[in-house]
Structure formats: C-alpha cells, structure tokens
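Q: Dropping in entry38.csv, which is CSV, C-alpha atoms and all ligand atoms:
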chain,number,residue,atom,x,y,z
T,1,MET,CA,97.5,85.1,-58.7
T,2,THR,CA,94.0,83.9,-59.3
T,3,GLU,CA,92.3,81.2,-57.5
T,4,VAL,CA,92.3,77.5,-58.4
T,5,GLU,CA,89.2,75.5,-59.1
T,6,VAL,CA,88.8,72.4,-56.9
T,7,TRP,CA,86.8,69.6,-58.6
T,8,ASN,CA,85.3,66.7,-56.8
T,9,ALA,CA,86.4,63.2,-57.9
T,10,ASP,CA,83.5,63.1,-60.3
T,11,GLU,CA,84.7,66.4,-61.9
T,12,THR,CA,82.0,68.7,-60.5
T,13,LEU,CA,83.2,72.0,-59.3
T,14,LEU,CA,83.3,72.2,-55.5
T,15,HIS,CA,84.9,75.6,-54.7
T,16,ARG,CA,87.9,77.7,-55.3
T,17,VAL,CA,91.0,78.0,-53.2
T,18,ALA,CA,94.2,80.0,-53.2
T,19,VAL,CA,97.1,78.7,-55.3
T,20,ARG,CA,99.2,77.9,-52.3
T,21,HIS,CA,96.4,75.9,-50.8
T,22,ALA,CA,95.9,74.0,-54.0
T,23,VAL,CA,99.7,73.2,-54.2
T,24,ARG,CA,99.6,71.9,-50.7
T,25,MET,CA,96.7,69.6,-51.6
T,26,ILE,CA,98.7,68.2,-54.5
T,27,TRP,CA,101.8,67.8,-52.3
T,28,ARG,CA,99.8,65.9,-49.7
T,29,GLY,CA,98.2,63.6,-52.3
T,30,VAL,CA,94.6,64.6,-51.7
T,31,ALA,CA,94.3,66.3,-55.1
T,32,THR,CA,95.9,65.9,-58.5
T,33,PRO,CA,96.4,68.7,-61.1
T,34,VAL,CA,93.9,68.6,-64.0
T,35,GLU,CA,95.1,71.8,-65.7
T,36,VAL,CA,98.3,73.7,-65.0
T,37,HIS,CA,99.6,77.1,-66.0
T,38,ALA,CA,101.9,77.0,-69.0
T,39,THR,CA,104.7,79.0,-67.6
T,40,GLN,CA,104.1,80.0,-64.0
T,41,ARG,CA,105.7,77.9,-61.3
T,42,ILE,CA,105.5,77.8,-57.5
T,43,GLY,CA,108.5,76.0,-56.2
T,44,PRO,CA,108.9,72.7,-58.2
T,45,TYR,CA,105.2,72.8,-59.3
T,46,ARG,CA,103.5,74.3,-62.3
T,47,VAL,CA,100.8,76.7,-61.0
T,48,PRO,CA,97.6,74.7,-61.0
T,49,VAL,CA,94.5,76.1,-62.7
T,50,VAL,CA,92.2,73.2,-61.8
T,51,VAL,CA,92.8,70.3,-59.3
T,52,ARG,CA,90.7,67.3,-58.7
T,53,LEU,CA,90.2,65.6,-55.3
T,54,VAL,CA,91.5,62.0,-55.3
T,55,ARG,CA,88.6,60.8,-53.2
T,56,TYR,CA,85.0,61.6,-53.8
T,57,VAL,CA,83.5,63.9,-51.1
T,58,GLU,CA,79.8,64.1,-50.4
T,59,GLN,CA,78.9,67.7,-50.9
T,60,LYS,CA,75.9,67.6,-48.6
T,61,TRP,CA,78.3,66.3,-45.9
T,62,LEU,CA,81.1,68.7,-46.8
T,63,TYR,CA,79.0,71.8,-46.4
T,64,SER,CA,77.0,70.8,-43.4
T,65,ARG,CA,77.6,72.8,-40.2
T,66,THR,CA,76.8,69.8,-38.1
T,67,ARG,CA,78.9,69.3,-35.0
T,68,ALA,CA,81.2,66.4,-35.3
T,69,THR,CA,80.5,63.4,-33.1
T,70,TYR,CA,83.1,63.1,-30.4
T,71,SER,CA,85.9,60.6,-30.9
T,72,ARG,CA,89.4,60.1,-29.7
T,73,GLU,CA,90.6,60.0,-33.3
T,74,GLY,CA,88.7,63.2,-33.9
T,75,VAL,CA,90.5,65.0,-31.1
T,76,LEU,CA,93.9,64.1,-32.7
T,77,LEU,CA,92.6,65.4,-36.0
T,78,ARG,CA,91.1,68.6,-34.6
T,79,ASP,CA,94.5,69.4,-33.0
T,80,ARG,CA,96.3,68.1,-36.2
T,81,GLY,CA,98.5,65.8,-34.2
T,82,GLN,CA,100.0,68.7,-32.3
T,83,CYS,CA,100.6,68.2,-28.5
T,84,ALA,CA,98.5,70.8,-26.6
T,85,TYR,CA,101.2,71.0,-23.9
T,86,CYS,CA,104.6,71.1,-25.6
T,87,GLY,CA,103.4,72.1,-29.2
T,88,ARG,CA,105.3,69.3,-30.9
T,89,PHE,CA,103.6,67.6,-33.8
T,90,ALA,CA,104.0,64.3,-32.0
T,91,ALA,CA,100.7,63.7,-30.3
T,92,THR,CA,99.6,60.1,-30.4
T,93,THR,CA,97.4,60.1,-27.3
T,94,MET,CA,94.4,62.0,-26.0
T,95,ASP,CA,94.4,63.7,-22.7
T,96,HIS,CA,91.4,64.7,-20.5
T,97,VAL,CA,92.2,68.3,-19.4
T,98,LEU,CA,90.3,67.7,-16.2
T,99,PRO,CA,91.1,64.1,-15.4
T,100,ARG,CA,88.2,61.6,-15.5
T,101,SER,CA,89.1,60.5,-12.0
T,102,ARG,CA,88.3,64.1,-11.0
T,103,GLY,CA,84.9,64.2,-12.7
T,104,GLY,CA,86.2,65.5,-16.1
T,105,ALA,CA,83.9,64.7,-19.0
T,106,THR,CA,84.9,62.7,-22.1
T,107,SER,CA,83.9,65.5,-24.5
T,108,TRP,CA,85.5,67.8,-27.2
T,109,SER,CA,85.8,70.6,-24.7
T,110,ASN,CA,87.7,68.5,-22.1
T,111,ALA,CA,90.0,66.6,-24.5
T,112,VAL,CA,93.2,67.6,-26.2
T,113,ALA,CA,95.9,65.8,-28.3
T,114,ALA,CA,99.0,65.1,-26.3
T,115,CYS,CA,102.4,63.4,-26.9
T,116,GLU,CA,103.1,60.4,-24.7
T,117,PRO,CA,105.8,62.2,-22.5
T,118,CYS,CA,103.5,65.1,-21.8
T,119,ASN,CA,100.5,62.9,-21.1
T,120,ALA,CA,102.6,60.8,-18.7
T,121,SER,CA,104.1,63.7,-16.9
T,122,LYS,CA,100.7,65.5,-16.5
T,123,GLY,CA,99.2,62.3,-15.1
T,124,ASP,CA,96.1,62.8,-12.9
T,125,ARG,CA,96.5,66.5,-12.5
T,126,THR,CA,94.9,69.6,-14.0
T,127,PRO,CA,97.1,71.8,-16.3
T,128,GLU,CA,97.4,74.3,-13.5
T,129,GLU,CA,98.6,71.7,-10.9
T,130,ALA,CA,101.0,70.2,-13.4
T,131,ARG,CA,102.2,73.7,-14.5
T,132,MET,CA,101.6,72.7,-18.1
T,133,PRO,CA,99.4,75.4,-19.5
T,134,LEU,CA,97.3,74.5,-22.6
T,135,ARG,CA,98.4,76.2,-25.8
T,136,TRP,CA,94.8,76.5,-27.0
T,137,ASP,CA,91.3,76.0,-25.6
T,138,PRO,CA,89.7,72.8,-26.8
T,139,PHE,CA,86.6,73.4,-28.9
T,140,VAL,CA,83.8,71.5,-30.5
T,141,PRO,CA,84.7,71.2,-34.2
T,142,THR,CA,82.2,71.0,-37.1
T,143,ARG,CA,82.3,68.0,-39.4
T,144,VAL,CA,83.7,70.4,-42.1
T,145,GLN,CA,86.6,71.4,-39.9
T,146,LEU,CA,87.4,67.8,-39.2
T,147,HIS,CA,87.2,67.0,-42.9
T,148,PHE,CA,89.7,69.7,-43.8
T,149,ALA,CA,91.9,68.7,-40.9
T,150,ARG,CA,91.9,65.2,-42.3
T,151,ALA,CA,92.8,66.5,-45.8
T,152,THR,CA,95.7,68.6,-44.5
T,153,THR,CA,97.2,66.4,-41.8
T,154,PRO,CA,99.9,64.1,-43.2
T,155,THR,CA,99.1,60.5,-42.8
T,156,ARG,CA,101.7,57.8,-42.4
T,157,THR,CA,99.8,54.7,-43.4
T,158,PRO,CA,101.2,52.8,-46.4
T,159,THR,CA,97.8,52.8,-48.2
T,160,GLU,CA,97.7,56.6,-48.1
T,161,SER,CA,101.2,57.1,-49.5
T,162,ALA,CA,100.6,54.5,-52.1
T,163,ARG,CA,97.7,56.5,-53.3
T,164,LYS,CA,99.9,59.5,-53.9
T,165,GLU,CA,100.6,60.1,-57.6
T,166,PRO,CA,103.8,61.7,-58.9
T,167,VAL,CA,103.5,65.4,-59.7
T,168,ARG,CA,105.2,66.8,-62.7
T,201,ZN,ZN,103.9,67.2,-25.6
Re-express the file's structure as structure tokens.
A:
Amino acid sequence: MTEVEVWNADETLLHRVAVRHAVRMIWRGVATPVEVHATQRIGPYRVPVVVRLVRYVEQKWLYSRTRATYSREGVLLRDRGQCAYCGRFAATTMDHVLPRSRGGATSWSNAVAACEPCNASKGDRTPEEARMPLRWDPFVPTRVQLHFARATTPTRTPTESARKEPVR
C-alpha cells in the first residue's frame, strides 16, 4: 500500500506516513480523512489517501531537534503512560529513579513514569534495592518525540473526546 499524505490544519502538506499510522491518527481523533480510497478498507475504515490534522502544528516547532524542557507531564508523555516498573499503561505518577533524598536529580534521565502502587512500594529505594528493575532507560526526548507521543497517547479529558469527529 502507498503512503498517506498528512496535511496540517491549514491544508499544507506536512509529510507522508504509512496507512496504518494514518488510520491510528484518525482513530485517535488527531486527524480526519480528507480523501479516502474508493474500495480498499482497513478494518472498518476506508483506506485514507489524505488526512488532515485536527489542530494546527507549527512546522518550525515540529521539525526542530531541540531537547524538550523537563516537566513531570513530559515524563508521563515520553513513557506514554506506561509504568517503568510493572509495564502497565496505568502510570499517573513520576518516580525519581535515584530518590531525591539520596541526591537524585530532577531530570529526564532520572525520572520515569510509574503507577501509584509501584511508586509506593519502591519508596525511597533505588530500583536495585527495591528489586524493581527498570523496563527501559530514561532518556532526554526531543520536542518532536514528545509531540508524537502526545498525538499517539490516548487522552481521557472530555474536551479531547468531544473534539473527535465520527469516521465513516
Ligand atoms: Zn507499576
């Protein structure tokens, strides 16, 4: 299958993505189909030819390789809401890998997303002491990585779901 054109909200071409990626964007409500294939389907969807982003994205910002500014919300986004200890997509808290009380920094490389039970049971210990090995090494994301994490991480706020448009 060919690739799908992704238009910005002002209908300028941003880039091209794989069909499955485009369908996921539609399903998550971040893009709407502009043009669909006459006969081909993927699951319940007509195969899109062109999709348009629901919200306008600054291209200068989108393509910058700038490191993202550290934030607690950013850590949850970077890890896509997945707990770094148990792997469940239930992380609502941020955990300092090396606890702050032990000199751990508040930084991208010392912070992971964690679910409340894991965060509570780890407490003021290192992953080794708590015998809770990390499932991945925390890294410093670029702004682009965070942008795409935001676009592909389901949100639960009512305003977001209200923005979703029905897909034929
Ligand atoms: Zn957990």
Q: I need the residue nearest ligand ZN 201 (chain T) from this list: T:Trp27, T:Phe139, T:Tyr85, T:Phe148. Use only C-alpha atoms and all ligand atoms for the distance.
A: T:Tyr85
Q: Name the residues, by chain letter and number, that sit within 9 Å of ligand ZN 201 (chain T) using only C-alpha atoms and all ligand atoms, and give them as an mmCIF file with C-alpha atoms, in the frame of the given file.
A:
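Writing done, so here's part-v4.cif:
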data_model
loop_
_atom_site.group_PDB
_atom_site.id
_atom_site.type_symbol
_atom_site.label_atom_id
_atom_site.label_comp_id
_atom_site.auth_asym_id
_atom_site.auth_seq_id
_atom_site.Cartn_x
_atom_site.Cartn_y
_atom_site.Cartn_z
ATOM 1 C CA GLN T 82 100.000 68.700 -32.300
ATOM 2 C CA CYS T 83 100.600 68.200 -28.500
ATOM 3 C CA ALA T 84 98.500 70.800 -26.600
ATOM 4 C CA TYR T 85 101.200 71.000 -23.900
ATOM 5 C CA CYS T 86 104.600 71.100 -25.600
ATOM 6 C CA GLY T 87 103.400 72.100 -29.200
ATOM 7 C CA ARG T 88 105.300 69.300 -30.900
ATOM 8 C CA PHE T 89 103.600 67.600 -33.800
ATOM 9 C CA ALA T 90 104.000 64.300 -32.000
ATOM 10 C CA ALA T 91 100.700 63.700 -30.300
ATOM 11 C CA ALA T 113 95.900 65.800 -28.300
ATOM 12 C CA ALA T 114 99.000 65.100 -26.300
ATOM 13 C CA CYS T 115 102.400 63.400 -26.900
ATOM 14 C CA GLU T 116 103.100 60.400 -24.700
ATOM 15 C CA PRO T 117 105.800 62.200 -22.500
ATOM 16 C CA CYS T 118 103.500 65.100 -21.800
ATOM 17 C CA ASN T 119 100.500 62.900 -21.100
#
Q: So how many Å separate CA of Thr92 in chain T and CA of Arg67 in chain T, to one decimal?
A: 23.1 Å
Q: Of the candidates T:Pro133, T:Pro141, T:Pro33, T:Pro127, which shows the shortest atom-to-atom distance to Ala68 in chain T, using only C-alpha atoms?
A: T:Pro141
Q: Report the distance between CA of Val112 in chain T and CA of Leu53 in chain T in Å, rounded to one decimal place.
A: 29.3 Å
Q: Suppose you want the space between CA of Pro48 in chain T and CA of Arg80 in chain T; what is it in Å?
A: 25.7 Å
Q: Report as a list in words all protein, DNA and RNA residues lying within 10 Å of range 96-98 of chain T, evaluated on only C-alpha atoms, omitting residues in the same chain fewer than 2 positions from it.
A: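 Contacts, with the query itself left out: Ala84, Met94, Arg100, Ser101, Arg102, Gly103, Gly104, Ala105, Thr106, Ser107, Trp108, Ser109, Asn110, Ala111, Val112, Ala113, Ala114, Asn119, Lys122, Gly123, Asp124, Arg125, Thr126, Pro127, Glu128, Leu134, Asp137 and Pro138 of chain T.
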Q: Could the centre and edge lengths of an axis-aligned box, enclosing all atoms of range 35-47 of chain T in the file with 4 Å extra on each side, be given in Å to one decimal as AutoDock Vina command-line options?
A:
--center_x 102.0 --center_y 75.9 --center_z -62.6 --size_x 21.8 --size_y 16.2 --size_z 20.8
Q: Restricting the calculation to all atoms listed in the file: of T:Arg20, T:Arg78, T:Arg28, T:Arg52, which residue gets closest to Val140 in chain T?
A: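 Nearest to Val140 in chain T: T:Arg78.
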Q: Closest to Ala22 in chain T among T:Gly74, T:Ile42, T:Val4, T:Glu35, using all atoms listed in the file?
A: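 Once distances to Ala22 in chain T are computed over all atoms listed in the file, the minimum belongs to T:Val4.
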Q: Which residue gives the smallest distance to Met25 in chain T among T:Val50, T:Glu129, T:Arg72, T:Thr66, with all atoms listed in the file counted?
A: T:Val50
Q: Between T:Thr93, T:Ser71, T:Asn8, T:Gln40, which residue has the minimum interatomic distance to Val54 in chain T, considering all atoms listed in the file?
A: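 For Val54 in chain T, the nearest of the given residues is T:Asn8.
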Q: Would you kindly return, as a VMD selection string, each protein, DNA or RNA residue with an atom no farther than 7 Å from any atom of Leu77 in chain T, considering all atoms listed in the file and excluding same-chain residues fewer than 5 positions away?
A: chain T and resid 146 149 to 150
Q: Can you take the partial range 102-120 of chain T, add N, CA and C atoms, and return it as an mmCIF file, keeping the file's coordinate frame?
A:
data_model
loop_
_atom_site.group_PDB
_atom_site.id
_atom_site.type_symbol
_atom_site.label_atom_id
_atom_site.label_comp_id
_atom_site.auth_asym_id
_atom_site.auth_seq_id
_atom_site.Cartn_x
_atom_site.Cartn_y
_atom_site.Cartn_z
ATOM 1 N N ARG T 102 88.694 62.918 -11.711
ATOM 2 C CA ARG T 102 88.300 64.100 -11.000
ATOM 3 C C ARG T 102 86.970 64.647 -11.478
ATOM 4 N N GLY T 103 86.267 63.828 -12.259
ATOM 5 C CA GLY T 103 84.900 64.200 -12.700
ATOM 6 C C GLY T 103 84.961 64.883 -14.114
ATOM 7 N N GLY T 104 86.120 64.887 -14.772
ATOM 8 C CA GLY T 104 86.200 65.500 -16.100
ATOM 9 C C GLY T 104 85.418 64.658 -17.120
ATOM 10 N N ALA T 105 84.742 65.355 -18.031
ATOM 11 C CA ALA T 105 83.900 64.700 -19.000
ATOM 12 C C ALA T 105 84.750 64.190 -20.193
ATOM 13 N N THR T 106 84.268 63.140 -20.843
ATOM 14 C CA THR T 106 84.900 62.700 -22.100
ATOM 15 C C THR T 106 84.105 63.478 -23.194
ATOM 16 N N SER T 107 84.623 64.640 -23.548
ATOM 17 C CA SER T 107 83.900 65.500 -24.500
ATOM 18 C C SER T 107 84.977 66.356 -25.242
ATOM 19 N N TRP T 108 84.550 66.955 -26.360
ATOM 20 C CA TRP T 108 85.500 67.800 -27.200
ATOM 21 C C TRP T 108 86.105 68.880 -26.289
ATOM 22 N N SER T 109 85.318 69.480 -25.400
ATOM 23 C CA SER T 109 85.800 70.600 -24.700
ATOM 24 C C SER T 109 86.702 70.245 -23.473
ATOM 25 N N ASN T 110 86.814 68.943 -23.207
ATOM 26 C CA ASN T 110 87.700 68.500 -22.100
ATOM 27 C C ASN T 110 88.784 67.562 -22.623
ATOM 28 N N ALA T 111 89.019 67.567 -23.933
ATOM 29 C CA ALA T 111 90.000 66.600 -24.500
ATOM 30 C C ALA T 111 90.953 67.373 -25.421
ATOM 31 N N VAL T 112 92.231 67.038 -25.316
ATOM 32 C CA VAL T 112 93.200 67.600 -26.200
ATOM 33 C C VAL T 112 94.175 66.485 -26.681
ATOM 34 N N ALA T 113 94.823 66.725 -27.820
ATOM 35 C CA ALA T 113 95.900 65.800 -28.300
ATOM 36 C C ALA T 113 97.113 66.058 -27.445
ATOM 37 N N ALA T 114 97.812 64.977 -27.114
ATOM 38 C CA ALA T 114 99.000 65.100 -26.300
ATOM 39 C C ALA T 114 100.039 64.064 -26.742
ATOM 40 N N CYS T 115 101.328 64.424 -26.634
ATOM 41 C CA CYS T 115 102.400 63.400 -26.900
ATOM 42 C C CYS T 115 102.478 62.543 -25.653
ATOM 43 N N GLU T 116 103.058 61.372 -25.824
ATOM 44 C CA GLU T 116 103.100 60.400 -24.700
ATOM 45 C C GLU T 116 103.885 60.991 -23.492
ATOM 46 N N PRO T 117 105.059 61.624 -23.688
ATOM 47 C CA PRO T 117 105.800 62.200 -22.500
ATOM 48 C C PRO T 117 104.949 63.193 -21.747
ATOM 49 N N CYS T 118 104.283 64.107 -22.459
ATOM 50 C CA CYS T 118 103.500 65.100 -21.800
ATOM 51 C C CYS T 118 102.305 64.488 -21.053
ATOM 52 N N ASN T 119 101.646 63.543 -21.713
ATOM 53 C CA ASN T 119 100.500 62.900 -21.100
ATOM 54 C C ASN T 119 100.937 62.174 -19.818
ATOM 55 N N ALA T 120 102.091 61.514 -19.886
ATOM 56 C CA ALA T 120 102.600 60.800 -18.700
ATOM 57 C C ALA T 120 102.977 61.732 -17.595
#
